[in-house]
Structures are given as C-alpha cells and as structure tokens.
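Participant: What follows is the file my_file25.pdb, containing PDB, C-alpha atoms:
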ATOM      1  CA  MET A   1      28.826-192.695 -93.288  1.00  0.00           C
ATOM      2  CA  ASN A   2      27.387-191.663 -89.981  1.00  0.00           C
ATOM      3  CA  LYS A   3      29.865-190.581 -87.398  1.00  0.00           C
ATOM      4  CA  LEU A   4      30.319-193.084 -84.636  1.00  0.00           C
ATOM      5  CA  LYS A   5      29.095-191.620 -81.391  1.00  0.00           C
ATOM      6  CA  THR A   6      28.510-192.707 -77.893  1.00  0.00           C
ATOM      7  CA  ASN A   7      24.888-193.150 -76.970  1.00  0.00           C
ATOM      8  CA  THR A   8      25.305-192.352 -73.317  1.00  0.00           C
ATOM      9  CA  PRO A   9      25.059-188.651 -72.498  1.00  0.00           C
ATOM     10  CA  PRO A  10      27.663-187.137 -70.169  1.00  0.00           C
ATOM     11  CA  ASP A  11      26.600-186.086 -66.667  1.00  0.00           C
ATOM     12  CA  GLY A  12      24.079-183.285 -66.723  1.00  0.00           C
ATOM     13  CA  PHE A  13      22.901-184.070 -70.243  1.00  0.00           C
ATOM     14  CA  LEU A  14      19.932-186.042 -71.502  1.00  0.00           C
ATOM     15  CA  LYS A  15      19.105-188.565 -74.174  1.00  0.00           C
ATOM     16  CA  TYR A  16      16.206-187.516 -76.420  1.00  0.00           C
ATOM     17  CA  THR A  17      13.856-189.294 -78.788  1.00  0.00           C
ATOM     18  CA  LEU A  18      11.610-187.274 -81.071  1.00  0.00           C
ATOM     19  CA  GLN A  19       8.459-188.755 -82.579  1.00  0.00           C
ATOM     20  CA  VAL A  20       7.291-186.863 -85.663  1.00  0.00           C
ATOM     21  CA  ASN A  21       3.671-187.559 -86.619  1.00  0.00           C
ATOM     22  CA  ALA A  22       3.199-184.606 -88.972  1.00  0.00           C
ATOM     23  CA  SER A  23       3.874-184.584 -92.702  1.00  0.00           C
ATOM     24  CA  PRO A  24       6.574-182.178 -93.899  1.00  0.00           C
ATOM     25  CA  TYR A  25       4.198-179.782 -95.628  1.00  0.00           C
ATOM     26  CA  GLN A  26       1.281-179.555 -93.217  1.00  0.00           C
ATOM     27  CA  GLY A  27       1.409-177.118 -90.336  1.00  0.00           C
ATOM     28  CA  GLU A  28       4.510-176.178 -88.448  1.00  0.00           C
ATOM     29  CA  SER A  29       5.007-179.333 -86.386  1.00  0.00           C
ATOM     30  CA  ALA A  30       7.659-180.749 -88.701  1.00  0.00           C
ATOM     31  CA  ASP A  31       9.565-177.455 -88.663  1.00  0.00           C
ATOM     32  CA  LEU A  32       9.394-177.318 -84.874  1.00  0.00           C
ATOM     33  CA  ALA A  33      10.692-180.878 -84.696  1.00  0.00           C
ATOM     34  CA  PHE A  34      13.641-180.030 -86.913  1.00  0.00           C
ATOM     35  CA  GLY A  35      14.434-176.904 -84.928  1.00  0.00           C
ATOM     36  CA  PHE A  36      14.216-178.819 -81.675  1.00  0.00           C
ATOM     37  CA  ALA A  37      16.423-181.619 -83.010  1.00  0.00           C
ATOM     38  CA  ASN A  38      19.119-179.119 -83.895  1.00  0.00           C
ATOM     39  CA  ALA A  39      18.852-177.429 -80.515  1.00  0.00           C
ATOM     40  CA  VAL A  40      19.274-180.774 -78.742  1.00  0.00           C
ATOM     41  CA  VAL A  41      22.451-181.457 -80.687  1.00  0.00           C
ATOM     42  CA  ALA A  42      23.757-177.905 -80.313  1.00  0.00           C
ATOM     43  CA  LYS A  43      23.323-178.010 -76.540  1.00  0.00           C
ATOM     44  CA  GLY A  44      25.372-181.180 -76.291  1.00  0.00           C
ATOM     45  CA  HIS A  45      22.553-183.602 -75.453  1.00  0.00           C
ATOM     46  CA  VAL A  46      22.240-186.968 -77.167  1.00  0.00           C
ATOM     47  CA  LEU A  47      19.647-187.081 -79.927  1.00  0.00           C
ATOM     48  CA  HIS A  48      19.126-190.815 -79.863  1.00  0.00           C
ATOM     49  CA  ARG A  49      16.542-191.232 -82.572  1.00  0.00           C
ATOM     50  CA  VAL A  50      13.919-189.417 -84.598  1.00  0.00           C
ATOM     51  CA  PHE A  51      11.057-191.757 -85.369  1.00  0.00           C
ATOM     52  CA  PHE A  52       8.639-190.781 -88.103  1.00  0.00           C
ATOM     53  CA  TYR A  53       5.171-192.175 -87.547  1.00  0.00           C
ATOM     54  CA  ARG A  54       1.707-191.613 -89.031  1.00  0.00           C
ATOM     55  CA  ASP A  55       1.889-188.853 -91.693  1.00  0.00           C
ATOM     56  CA  GLY A  56       5.450-188.185 -90.547  1.00  0.00           C
ATOM     57  CA  VAL A  57       6.598-191.066 -92.762  1.00  0.00           C
ATOM     58  CA  TYR A  58       6.250-188.738 -95.771  1.00  0.00           C
ATOM     59  CA  HIS A  59       9.560-187.253 -94.624  1.00  0.00           C
ATOM     60  CA  ALA A  60      11.310-190.308 -96.018  1.00  0.00           C
ATOM     61  CA  LEU A  61      10.178-189.805 -99.614  1.00  0.00           C
ATOM     62  CA  GLY A  62      13.466-189.532-101.464  1.00  0.00           C
ATOM     63  CA  GLU A  63      11.758-188.496-104.681  1.00  0.00           C
ATOM     64  CA  LEU A  64      10.308-185.238-103.364  1.00  0.00           C
ATOM     65  CA  LEU A  65      11.901-182.414-105.323  1.00  0.00           C
ATOM     66  CA  PRO A  66      11.055-179.011-103.859  1.00  0.00           C
ATOM     67  CA  SER A  67      12.307-176.039-105.837  1.00  0.00           C
ATOM     68  CA  GLU A  68      15.650-174.644-104.802  1.00  0.00           C
ATOM     69  CA  GLU A  69      14.182-171.513-103.218  1.00  0.00           C
ATOM     70  CA  GLU A  70      12.128-173.594-100.793  1.00  0.00           C
ATOM     71  CA  VAL A  71      13.220-174.991 -97.472  1.00  0.00           C
ATOM     72  CA  ALA A  72      14.660-178.460 -98.075  1.00  0.00           C
ATOM     73  CA  LYS A  73      12.265-180.243 -95.757  1.00  0.00           C
ATOM     74  CA  ILE A  74      13.579-183.712 -96.534  1.00  0.00           C
ATOM     75  CA  SER A  75      17.273-183.364 -97.243  1.00  0.00           C
ATOM     76  CA  ARG A  76      17.827-181.232 -94.147  1.00  0.00           C
ATOM     77  CA  TRP A  77      17.059-184.331 -92.054  1.00  0.00           C
ATOM     78  CA  SER A  78      19.464-186.398 -94.166  1.00  0.00           C
ATOM     79  CA  LYS A  79      22.164-183.795 -93.517  1.00  0.00           C
ATOM     80  CA  LEU A  80      21.439-183.786 -89.796  1.00  0.00           C
ATOM     81  CA  ALA A  81      21.769-187.576 -89.735  1.00  0.00           C
ATOM     82  CA  GLU A  82      25.091-187.332 -91.509  1.00  0.00           C
ATOM     83  CA  THR A  83      26.544-184.687 -89.222  1.00  0.00           C
ATOM     84  CA  SER A  84      25.107-185.805 -85.889  1.00  0.00           C
ATOM     85  CA  GLY A  85      24.749-189.556 -86.396  1.00  0.00           C
ATOM     86  CA  VAL A  86      21.108-189.496 -85.300  1.00  0.00           C
ATOM     87  CA  ASP A  87      19.084-192.527 -86.338  1.00  0.00           C
ATOM     88  CA  LEU A  88      16.113-191.675 -88.580  1.00  0.00           C
ATOM     89  CA  GLY A  89      13.519-194.463 -88.428  1.00  0.00           C
ATOM     90  CA  ILE A  90      10.169-194.683 -90.175  1.00  0.00           C
ATOM     91  CA  CYS A  91       7.343-197.016 -89.204  1.00  0.00           C
ATOM     92  CA  SER A  92       7.003-199.795 -91.768  1.00  0.00           C
ATOM     93  CA  ALA A  93       3.237-200.221 -91.340  1.00  0.00           C
ATOM     94  CA  ALA A  94       2.511-196.486 -91.547  1.00  0.00           C
ATOM     95  CA  ALA A  95       4.813-196.206 -94.573  1.00  0.00           C
ATOM     96  CA  GLN A  96       3.217-199.124 -96.383  1.00  0.00           C
ATOM     97  CA  ARG A  97      -0.245-197.775 -95.679  1.00  0.00           C
ATOM     98  CA  ARG A  98       0.738-194.515 -97.410  1.00  0.00           C
ATOM     99  CA  GLY A  99       2.711-195.993-100.283  1.00  0.00           C
ATOM    100  CA  VAL A 100       5.954-194.457 -99.041  1.00  0.00           C
ATOM    101  CA  TRP A 101       7.656-197.817 -98.856  1.00  0.00           C
ATOM    102  CA  ALA A 102       7.016-201.425 -99.826  1.00  0.00           C
ATOM    103  CA  PRO A 103       9.210-204.418 -99.002  1.00  0.00           C
ATOM    104  CA  GLY A 104      12.313-204.151-101.166  1.00  0.00           C
ATOM    105  CA  GLY A 105      11.695-200.467-101.827  1.00  0.00           C
ATOM    106  CA  GLU A 106      14.457-199.049 -99.622  1.00  0.00           C
ATOM    107  CA  SER A 107      16.133-197.347-102.586  1.00  0.00           C
ATOM    108  CA  ARG A 108      13.198-194.916-102.802  1.00  0.00           C
ATOM    109  CA  LEU A 109      13.891-193.591 -99.339  1.00  0.00           C
ATOM    110  CA  ALA A 110      15.767-190.357 -98.738  1.00  0.00           C
ATOM    111  CA  GLN A 111      19.308-190.721 -97.522  1.00  0.00           C
ATOM    112  CA  GLY A 112      19.733-191.511 -93.852  1.00  0.00           C
ATOM    113  CA  PHE A 113      16.219-192.932 -93.340  1.00  0.00           C
ATOM    114  CA  ARG A 114      15.592-196.559 -92.541  1.00  0.00           C
ATOM    115  CA  VAL A 115      12.476-198.656 -92.161  1.00  0.00           C
ATOM    116  CA  ALA A 116      11.732-200.067 -88.741  1.00  0.00           C
ATOM    117  CA  GLY A 117       8.844-201.367 -86.731  1.00  0.00           C
ATOM    118  CA  LEU A 118       6.926-199.835 -83.871  1.00  0.00           C
ATOM    119  CA  ALA A 119       9.052-202.012 -81.609  1.00  0.00           C
ATOM    120  CA  LEU A 120      11.939-199.655 -82.319  1.00  0.00           C
ATOM    121  CA  LEU A 121       9.861-196.673 -81.220  1.00  0.00           C
ATOM    122  CA  ALA A 122       8.749-198.548 -78.111  1.00  0.00           C
ATOM    123  CA  GLU A 123      12.373-199.320 -77.298  1.00  0.00           C
ATOM    124  CA  SER A 124      13.290-195.646 -77.727  1.00  0.00           C
ATOM    125  CA  ILE A 125      10.423-194.523 -75.521  1.00  0.00           C
ATOM    126  CA  ILE A 126      11.646-196.863 -72.811  1.00  0.00           C
ATOM    127  CA  GLU A 127      15.351-196.085 -73.117  1.00  0.00           C
ATOM    128  CA  THR A 128      15.476-192.326 -73.484  1.00  0.00           C
ATOM    129  CA  ASP A 129      15.219-189.654 -70.825  1.00  0.00           C
ATOM    130  CA  ARG A 130      12.857-187.461 -72.822  1.00  0.00           C
ATOM    131  CA  LEU A 131      10.287-188.193 -75.521  1.00  0.00           C
ATOM    132  CA  LEU A 132       8.823-185.300 -77.498  1.00  0.00           C
ATOM    133  CA  VAL A 133       5.960-185.850 -79.915  1.00  0.00           C
ATOM    134  CA  PHE A 134       5.418-183.422 -82.797  1.00  0.00           C
ATOM    135  CA  GLY A 135       2.091-183.356 -84.615  1.00  0.00           C
TER     136      GLY A 135
ATOM    137  CA  MET B   1       8.834-200.121 -66.026  1.00  0.00           C
ATOM    138  CA  MET B   2       7.785-197.032 -67.940  1.00  0.00           C
ATOM    139  CA  ARG B   3       4.334-195.657 -67.125  1.00  0.00           C
ATOM    140  CA  CYS B   4       2.717-194.378 -70.328  1.00  0.00           C
ATOM    141  CA  LEU B   5      -0.566-192.494 -70.627  1.00  0.00           C
ATOM    142  CA  PHE B   6      -2.231-192.192 -74.022  1.00  0.00           C
ATOM    143  CA  VAL B   7      -4.620-189.252 -74.213  1.00  0.00           C
ATOM    144  CA  PHE B   8      -7.367-189.528 -76.825  1.00  0.00           C
ATOM    145  CA  ARG B   9      -8.902-186.157 -77.688  1.00  0.00           C
ATOM    146  CA  TYR B  10     -10.345-186.825 -81.123  1.00  0.00           C
ATOM    147  CA  GLY B  11     -13.365-188.814 -82.229  1.00  0.00           C
ATOM    148  CA  PRO B  12     -13.004-192.343 -83.563  1.00  0.00           C
ATOM    149  CA  VAL B  13     -13.642-191.717 -87.264  1.00  0.00           C
ATOM    150  CA  GLY B  14     -12.006-189.737 -90.022  1.00  0.00           C
ATOM    151  CA  GLY B  15      -8.642-191.326 -90.626  1.00  0.00           C
ATOM    152  CA  SER B  16      -6.021-193.627 -89.238  1.00  0.00           C
ATOM    153  CA  ARG B  17      -5.423-191.610 -86.051  1.00  0.00           C
ATOM    154  CA  ALA B  18      -7.180-194.012 -83.693  1.00  0.00           C
ATOM    155  CA  GLN B  19      -5.711-197.148 -85.194  1.00  0.00           C
ATOM    156  CA  GLU B  20      -2.146-195.863 -85.249  1.00  0.00           C
ATOM    157  CA  THR B  21      -2.387-194.640 -81.681  1.00  0.00           C
ATOM    158  CA  PHE B  22      -3.707-198.041 -80.645  1.00  0.00           C
ATOM    159  CA  ASP B  23      -0.879-199.793 -82.484  1.00  0.00           C
ATOM    160  CA  LEU B  24       1.719-197.914 -80.452  1.00  0.00           C
ATOM    161  CA  MET B  25      -0.210-198.415 -77.228  1.00  0.00           C
ATOM    162  CA  LEU B  26      -0.413-202.177 -77.731  1.00  0.00           C
ATOM    163  CA  THR B  27       3.248-202.381 -78.773  1.00  0.00           C
ATOM    164  CA  LEU B  28       4.304-200.752 -75.503  1.00  0.00           C
ATOM    165  CA  ALA B  29       2.007-203.104 -73.593  1.00  0.00           C
ATOM    166  CA  ALA B  30       3.647-206.037 -75.386  1.00  0.00           C
ATOM    167  CA  PHE B  31       6.978-204.718 -74.058  1.00  0.00           C
ATOM    168  CA  ASP B  32       5.545-205.115 -70.538  1.00  0.00           C
ATOM    169  CA  GLN B  33       5.233-201.389 -69.940  1.00  0.00           C
ATOM    170  CA  LYS B  34       2.425-199.929 -67.849  1.00  0.00           C
ATOM    171  CA  VAL B  35       0.002-198.480 -70.376  1.00  0.00           C
ATOM    172  CA  GLU B  36      -3.180-196.557 -69.620  1.00  0.00           C
ATOM    173  CA  SER B  37      -5.564-194.435 -71.640  1.00  0.00           C
ATOM    174  CA  LEU B  38      -7.485-191.255 -70.946  1.00  0.00           C
ATOM    175  CA  LEU B  39     -10.448-190.082 -73.031  1.00  0.00           C
ATOM    176  CA  LEU B  40     -10.932-186.321 -73.140  1.00  0.00           C
ATOM    177  CA  ASP B  41     -13.093-183.970 -75.220  1.00  0.00           C
ATOM    178  CA  ASP B  42     -14.365-185.764 -78.364  1.00  0.00           C
ATOM    179  CA  GLY B  43     -12.219-188.726 -77.326  1.00  0.00           C
ATOM    180  CA  VAL B  44     -15.140-189.903 -75.177  1.00  0.00           C
ATOM    181  CA  LEU B  45     -17.066-190.622 -78.393  1.00  0.00           C
ATOM    182  CA  HIS B  46     -14.834-193.674 -78.900  1.00  0.00           C
ATOM    183  CA  LEU B  47     -16.981-195.506 -76.405  1.00  0.00           C
ATOM    184  CA  LEU B  48     -20.428-194.772 -77.785  1.00  0.00           C
ATOM    185  CA  PRO B  49     -22.237-198.056 -78.373  1.00  0.00           C
ATOM    186  CA  GLY B  50     -23.930-198.885 -81.655  1.00  0.00           C
ATOM    187  CA  GLN B  51     -21.409-197.171 -83.903  1.00  0.00           C
ATOM    188  CA  GLN B  52     -21.749-197.985 -87.589  1.00  0.00           C
ATOM    189  CA  VAL B  53     -18.202-197.043 -88.502  1.00  0.00           C
ATOM    190  CA  GLN B  54     -17.422-199.538 -91.248  1.00  0.00           C
ATOM    191  CA  ASP B  55     -17.411-196.961 -94.027  1.00  0.00           C
ATOM    192  CA  LEU B  56     -15.945-194.104 -91.999  1.00  0.00           C
ATOM    193  CA  ALA B  57     -13.035-195.446 -90.023  1.00  0.00           C
ATOM    194  CA  TRP B  58      -9.989-197.469 -90.966  1.00  0.00           C
ATOM    195  CA  CYS B  59     -10.683-199.948 -88.271  1.00  0.00           C
ATOM    196  CA  HIS B  60     -13.460-200.967 -85.939  1.00  0.00           C
ATOM    197  CA  VAL B  61     -12.549-198.740 -83.024  1.00  0.00           C
ATOM    198  CA  PRO B  62     -15.142-200.051 -80.517  1.00  0.00           C
ATOM    199  CA  ALA B  63     -13.719-203.543 -80.986  1.00  0.00           C
ATOM    200  CA  LEU B  64     -10.237-202.262 -80.141  1.00  0.00           C
ATOM    201  CA  TRP B  65     -11.452-200.869 -76.822  1.00  0.00           C
ATOM    202  CA  GLN B  66     -13.196-204.114 -76.011  1.00  0.00           C
ATOM    203  CA  GLU B  67      -9.932-205.988 -76.546  1.00  0.00           C
ATOM    204  CA  LEU B  68      -7.836-203.890 -74.163  1.00  0.00           C
ATOM    205  CA  GLU B  69      -8.385-206.303 -71.321  1.00  0.00           C
ATOM    206  CA  LEU B  70      -6.764-209.098 -73.329  1.00  0.00           C
ATOM    207  CA  TYR B  71      -3.557-207.057 -73.346  1.00  0.00           C
ATOM    208  CA  GLY B  72      -3.633-206.543 -69.599  1.00  0.00           C
ATOM    209  CA  ILE B  73      -4.535-202.866 -69.977  1.00  0.00           C
ATOM    210  CA  GLU B  74      -6.854-201.392 -67.366  1.00  0.00           C
ATOM    211  CA  PRO B  75     -10.213-199.848 -68.329  1.00  0.00           C
ATOM    212  CA  PRO B  76      -9.798-196.350 -69.767  1.00  0.00           C
ATOM    213  CA  LEU B  77      -9.950-193.212 -67.675  1.00  0.00           C
ATOM    214  CA  VAL B  78     -12.707-190.887 -68.874  1.00  0.00           C
ATOM    215  CA  GLU B  79     -13.046-187.234 -67.959  1.00  0.00           C
ATOM    216  CA  HIS B  80     -16.352-186.512 -66.243  1.00  0.00           C
ATOM    217  CA  GLU B  81     -16.760-183.019 -67.719  1.00  0.00           C
ATOM    218  CA  SER B  82     -16.217-184.237 -71.289  1.00  0.00           C
ATOM    219  CA  LEU B  83     -19.026-186.756 -70.802  1.00  0.00           C
ATOM    220  CA  LEU B  84     -21.277-184.140 -69.247  1.00  0.00           C
ATOM    221  CA  GLU B  85     -20.696-181.617 -72.066  1.00  0.00           C
ATOM    222  CA  ARG B  86     -21.853-184.255 -74.558  1.00  0.00           C
ATOM    223  CA  GLY B  87     -24.898-185.401 -72.618  1.00  0.00           C
ATOM    224  CA  LEU B  88     -23.308-188.717 -71.666  1.00  0.00           C
ATOM    225  CA  ASP B  89     -22.534-190.593 -68.514  1.00  0.00           C
ATOM    226  CA  ARG B  90     -20.629-193.763 -67.736  1.00  0.00           C
ATOM    227  CA  SER B  91     -23.722-195.934 -68.050  1.00  0.00           C
ATOM    228  CA  SER B  92     -24.102-194.921 -71.706  1.00  0.00           C
ATOM    229  CA  LEU B  93     -20.638-196.232 -72.633  1.00  0.00           C
ATOM    230  CA  LEU B  94     -19.634-199.438 -74.325  1.00  0.00           C
ATOM    231  CA  ILE B  95     -17.322-200.775 -71.613  1.00  0.00           C
ATOM    232  CA  PRO B  96     -16.705-200.110 -67.914  1.00  0.00           C
ATOM    233  CA  VAL B  97     -14.522-197.036 -67.387  1.00  0.00           C
ATOM    234  CA  ARG B  98     -12.887-195.110 -64.549  1.00  0.00           C
ATOM    235  CA  VAL B  99     -14.317-191.589 -64.396  1.00  0.00           C
ATOM    236  CA  VAL B 100     -11.963-188.790 -63.341  1.00  0.00           C
ATOM    237  CA  GLN B 101     -12.659-185.123 -62.635  1.00  0.00           C
ATOM    238  CA  ARG B 102     -11.015-182.395 -64.721  1.00  0.00           C
ATOM    239  CA  ASP B 103      -9.378-180.722 -61.749  1.00  0.00           C
ATOM    240  CA  THR B 104      -7.575-183.943 -60.807  1.00  0.00           C
ATOM    241  CA  LEU B 105      -5.827-184.323 -64.185  1.00  0.00           C
ATOM    242  CA  PRO B 106      -2.619-182.427 -63.315  1.00  0.00           C
ATOM    243  CA  GLU B 107      -2.147-184.720 -60.343  1.00  0.00           C
ATOM    244  CA  LEU B 108      -2.961-187.754 -62.500  1.00  0.00           C
ATOM    245  CA  PHE B 109      -0.339-186.784 -65.089  1.00  0.00           C
ATOM    246  CA  GLU B 110       2.293-186.735 -62.346  1.00  0.00           C
ATOM    247  CA  ASN B 111       1.880-190.506 -62.054  1.00  0.00           C
ATOM    248  CA  PHE B 112       3.179-191.131 -65.577  1.00  0.00           C
ATOM    249  CA  ASP B 113       6.618-191.010 -67.174  1.00  0.00           C
ATOM    250  CA  ARG B 114       5.316-190.496 -70.699  1.00  0.00           C
ATOM    251  CA  LEU B 115       2.253-188.659 -71.995  1.00  0.00           C
ATOM    252  CA  MET B 116       1.234-189.206 -75.601  1.00  0.00           C
ATOM    253  CA  GLY B 117      -1.617-187.704 -77.582  1.00  0.00           C
ATOM    254  CA  ASP B 118      -3.634-189.276 -80.371  1.00  0.00           C
TER     255      ASP B 118
END
Turn the structure described in the file into structure tokens.
Facilitator:
Amino acid sequence: MNKLKTNTPPDGFLKYTLQVNASPYQGESADLAFGFANAVVAKGHVLHRVFFYRDGVYHALGELLPSEEEVAKISRWSKLAETSGVDLGICSAAAQRRGVWAPGGESRLAQGFRVAGLALLAESIIETDRLLVFG
Amino acid sequence: MMRCLFVFRYGPVGGSRAQETFDLMLTLAAFDQKVESLLLDDGVLHLLPGQQVQDLAWCHVPALWQELELYGIEPPLVEHESLLERGLDRSSLLIPVRVVQRDTLPELFENFDRLMGD
C-alpha cells in the first residue's frame, strides 16, 4: 500500500511532475530521471507524479527480468512508489502501440504502475510547479 | 491558464515522435491551455509541401499541421536561421507561419510556463 501523503508542498517547497520519454535501457535519460526523482523526495519537495510516455512506457513491463548484478531499472521505480507514494502513470495509447499493455492486461504491469490517458499528464502539467521531461 | 511551447527539432519521419508530441499538444489545447509550437533545426522540414510520407511516418504529419487551426492553436513559430540553413523561406512552406529570429528565442521562452521538446 502506498503511504498516504499530502499533495500540497509546505512553504518554500515545490510540487514536481516528471515526464519520462526514454526507455529504461537506452541512453542515460531514464537513469537521470530516477536520480532526479529521488533527489526531489530527499529534499522534501512533493513528487506528484512520474508519467511514462513514448518509449518510457517500457518501464512498466513487469516481466522484464534483468540479472541480479544489473541495476534494477524497473523494480527501483516500484520501490520508490511504495516508499514515497508517488503516482506512476503510463500512457495507454503509447503502451498499446508498443504492446506493453492491452485492455484487461493490468496484471502484466510492474508493481506500482497504472495505465492512464494523456489527460492525466495534461492535468499534471497544469497543476504542478515544475515539469521536467527526460528523453 | 498555462502557456506551453512545444519545440520541434526533429524531422517528421522515422518513428512515432511527431505523432506522440502532437497528441500531447492537442490534449493540452483541449484542456483550454495556451499552446504554441516552434520549429527549429530539422523541425522546419515538417512543413515542406509535397511530402510522400505514407510509408515512412506513423501518421500524415503535414495533415496534422493543417488541422492546428481547428484546435484554436496559432500558426507555428519558425526560426529564420533554420529555414535559411536548409535553403527554405516562409513562402516554400505548407501553411502560413510566424518567422522568428534566433537571437530573440531566449526572450520568447520567457513568455511560456512550460517548454517541451519533441
């Protein structure tokens, strides 16, 4: 269960949305996004949502099984969602286009991820103080 | 109202980049946000007329640009130098545009709350 948390940052702090367009295994954008997400939380800001769009939707593949010596590029997001309560959304159209998800296929998704529409990203872009796009 | 500028720097073919950027742009416009676009570098190639992109792109990009007006989105901003470097000018483009000079871009960006790339 995600921890319940307030979505309004205290005075002097900001509410962030991250948009991740890069796939987990191409380039360093996904790693930068994860590092930034952790820094936002560590500094006491509100990490409102991470929205995975375009090739970023590959982050939600629950069946990816990297070897144990490798960085856990999927499950580390699931853990962050569990500890910080951040909402992990993936774009339904982008996910369907790439075979990551089909209607009724939620069980294939990695823990903590949920399918949403672009409307959710639009809402985040409007509501948050800062939007950062990775990839 | 949030003022959002979408900056297109890549050409129109070779993947879903253009379509997925458009999808987000039109979603924000549907939420009554102020949405504008800026074509830079190879992004200016989006507006070349006579493109035969059916087998190369995921969507018919020129048609998307022609539909912007229906969504209440102003004609795109196009960087003068990017056109010049590619032997183009505004009269060679598919739709009317607003040409801006490179050295005015920092000032232009100040007018927006959100900048997003393609």
Participant: Can you list what the PyMOL selection byres ((chain B) within 7 of (chain A)) grabs from this structure, as an mmCIF file with C-alpha atoms, in the frame of the given file?
Facilitator:
data_model
loop_
_atom_site.group_PDB
_atom_site.id
_atom_site.type_symbol
_atom_site.label_atom_id
_atom_site.label_comp_id
_atom_site.auth_asym_id
_atom_site.auth_seq_id
_atom_site.Cartn_x
_atom_site.Cartn_y
_atom_site.Cartn_z
ATOM 1 C CA MET B 2 7.785 -197.032 -67.940
ATOM 2 C CA GLU B 20 -2.146 -195.863 -85.249
ATOM 3 C CA LEU B 24 1.719 -197.914 -80.452
ATOM 4 C CA THR B 27 3.248 -202.381 -78.773
ATOM 5 C CA LEU B 28 4.304 -200.752 -75.503
#
Participant: So that I can check the surroundings of Asn38 of chain A, please list as a list in words every protein, DNA and RNA residue that reaches within 8 Å of it, counting only C-alpha atoms and ignoring chain neighbours fewer than 4 positions away.
Facilitator: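 Returned residues: Phe34, Ala42 and Leu80 of chain A.
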Participant: What is the distance between atom CA of Pro103 of chain A and atom CA of Val115 of chain A, in Å to one decimal?
Facilitator: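 Separating atom CA of Pro103 of chain A from atom CA of Val115 of chain A is a distance of 9.5 Å.
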Participant: Written as a ChimeraX atom specification, which residues does the PyMOL selection byres ((chain B and resi 79) around 7) give for the file shown?
Facilitator: /B:39-40,77-78,80-83,99-102
Participant: For atom CA of Tyr10 of chain B and atom CA of Leu94 of chain B, quote the distance in Å rounded to one decimal.
Facilitator: 17.1 Å
Participant: Identify, on the basis of all atoms listed in the file, every residue whose closest approach to Leu26 of chain B does not exceed 10 Å; exclude the query and any residue fewer than 6 positions from it along the same chain; express the result as a PyMOL selection string.
Facilitator: (chain A and resi 118+122) or (chain B and resi 20+32-33+35+68+71-73)
Participant: When you count all atoms listed in the file, which of these residues is closest to Ala30 of chain B: B:Leu70, B:Leu105, B:Met116, B:Leu84?
Facilitator: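 The shortest atom-to-atom distance to Ala30 of chain B comes from B:Leu70.
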Participant: Closest to Ser16 of chain B among A:Arg98, A:Leu47, A:Ala60, A:Gly112, using all atoms listed in the file?
Facilitator: A:Arg98
Participant: Atom CA of Leu64 of chain A and atom CA of Gln96 of chain A, how far apart in Å?
Facilitator: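 Separating atom CA of Gln96 of chain A from atom CA of Leu64 of chain A is a distance of 17.1 Å.
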Participant: Taking the file as I've supplied it (selection: the PyMOL selection byres ((chain A and resi 33) around 12)), which residues are included? Please answer as a compact mmCIF listing (two decimals) with C-alpha atoms, in the coordinates of the input.
Facilitator:
# COMPACT_ATOMS: atom_id res chain seq x y z
CA TYR A 16 16.21 -187.52 -76.42
CA THR A 17 13.86 -189.29 -78.79
CA LEU A 18 11.61 -187.27 -81.07
CA GLN A 19 8.46 -188.76 -82.58
CA VAL A 20 7.29 -186.86 -85.66
CA ASN A 21 3.67 -187.56 -86.62
CA ALA A 22 3.20 -184.61 -88.97
CA SER A 23 3.87 -184.58 -92.70
CA PRO A 24 6.57 -182.18 -93.90
CA GLY A 27 1.41 -177.12 -90.34
CA GLU A 28 4.51 -176.18 -88.45
CA SER A 29 5.01 -179.33 -86.39
CA ALA A 30 7.66 -180.75 -88.70
CA ASP A 31 9.56 -177.46 -88.66
CA LEU A 32 9.39 -177.32 -84.87
CA PHE A 34 13.64 -180.03 -86.91
CA GLY A 35 14.43 -176.90 -84.93
CA PHE A 36 14.22 -178.82 -81.68
CA ALA A 37 16.42 -181.62 -83.01
CA ASN A 38 19.12 -179.12 -83.90
CA ALA A 39 18.85 -177.43 -80.52
CA VAL A 40 19.27 -180.77 -78.74
CA LEU A 47 19.65 -187.08 -79.93
CA VAL A 50 13.92 -189.42 -84.60
CA PHE A 51 11.06 -191.76 -85.37
CA PHE A 52 8.64 -190.78 -88.10
CA GLY A 56 5.45 -188.18 -90.55
CA HIS A 59 9.56 -187.25 -94.62
CA LYS A 73 12.26 -180.24 -95.76
CA ARG A 76 17.83 -181.23 -94.15
CA TRP A 77 17.06 -184.33 -92.05
CA LEU A 131 10.29 -188.19 -75.52
CA LEU A 132 8.82 -185.30 -77.50
CA VAL A 133 5.96 -185.85 -79.92
CA PHE A 134 5.42 -183.42 -82.80
CA GLY A 135 2.09 -183.36 -84.62
Participant: Could you list, as a short mmCIF file (atom, residue, chain, number, x, y, z; two decimals) with C-alpha atoms, in the coordinates of the input, every residue within 6 Å of Ala116 of chain A, counting only C-alpha atoms and ignoring same-chain residues fewer than 2 positions away?
Facilitator:
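Below you can see out27.cif, which holds the result:
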data_model
loop_
_atom_site.label_atom_id
_atom_site.label_comp_id
_atom_site.auth_asym_id
_atom_site.auth_seq_id
_atom_site.Cartn_x
_atom_site.Cartn_y
_atom_site.Cartn_z
CA GLY A 89 13.52 -194.46 -88.43
CA ILE A 90 10.17 -194.68 -90.18
CA CYS A 91 7.34 -197.02 -89.20
CA SER A 92 7.00 -199.80 -91.77
#
Participant: Using all atoms of segment 93-109 of chain A that appear in the file, construct an axis-aligned enclosing box with 4 Å of padding on every side and provide its centre coordinates and edge lengths in Å, rounded to one decimal, as JSON.
Facilitator:
{"center_x": 7.9, "center_y": -199.0, "center_z": -97.1, "size_x": 24.4, "size_y": 18.8, "size_z": 19.5}
Participant: When you look at Val86 of chain A with a cut-off of 7 Å (counting only C-alpha atoms), what residues show up, excluding the ones that are within fewer than 4 positions of it in the same chain? I need them as an MDAnalysis selection string.
Facilitator: chainID A and resid 47:49 81
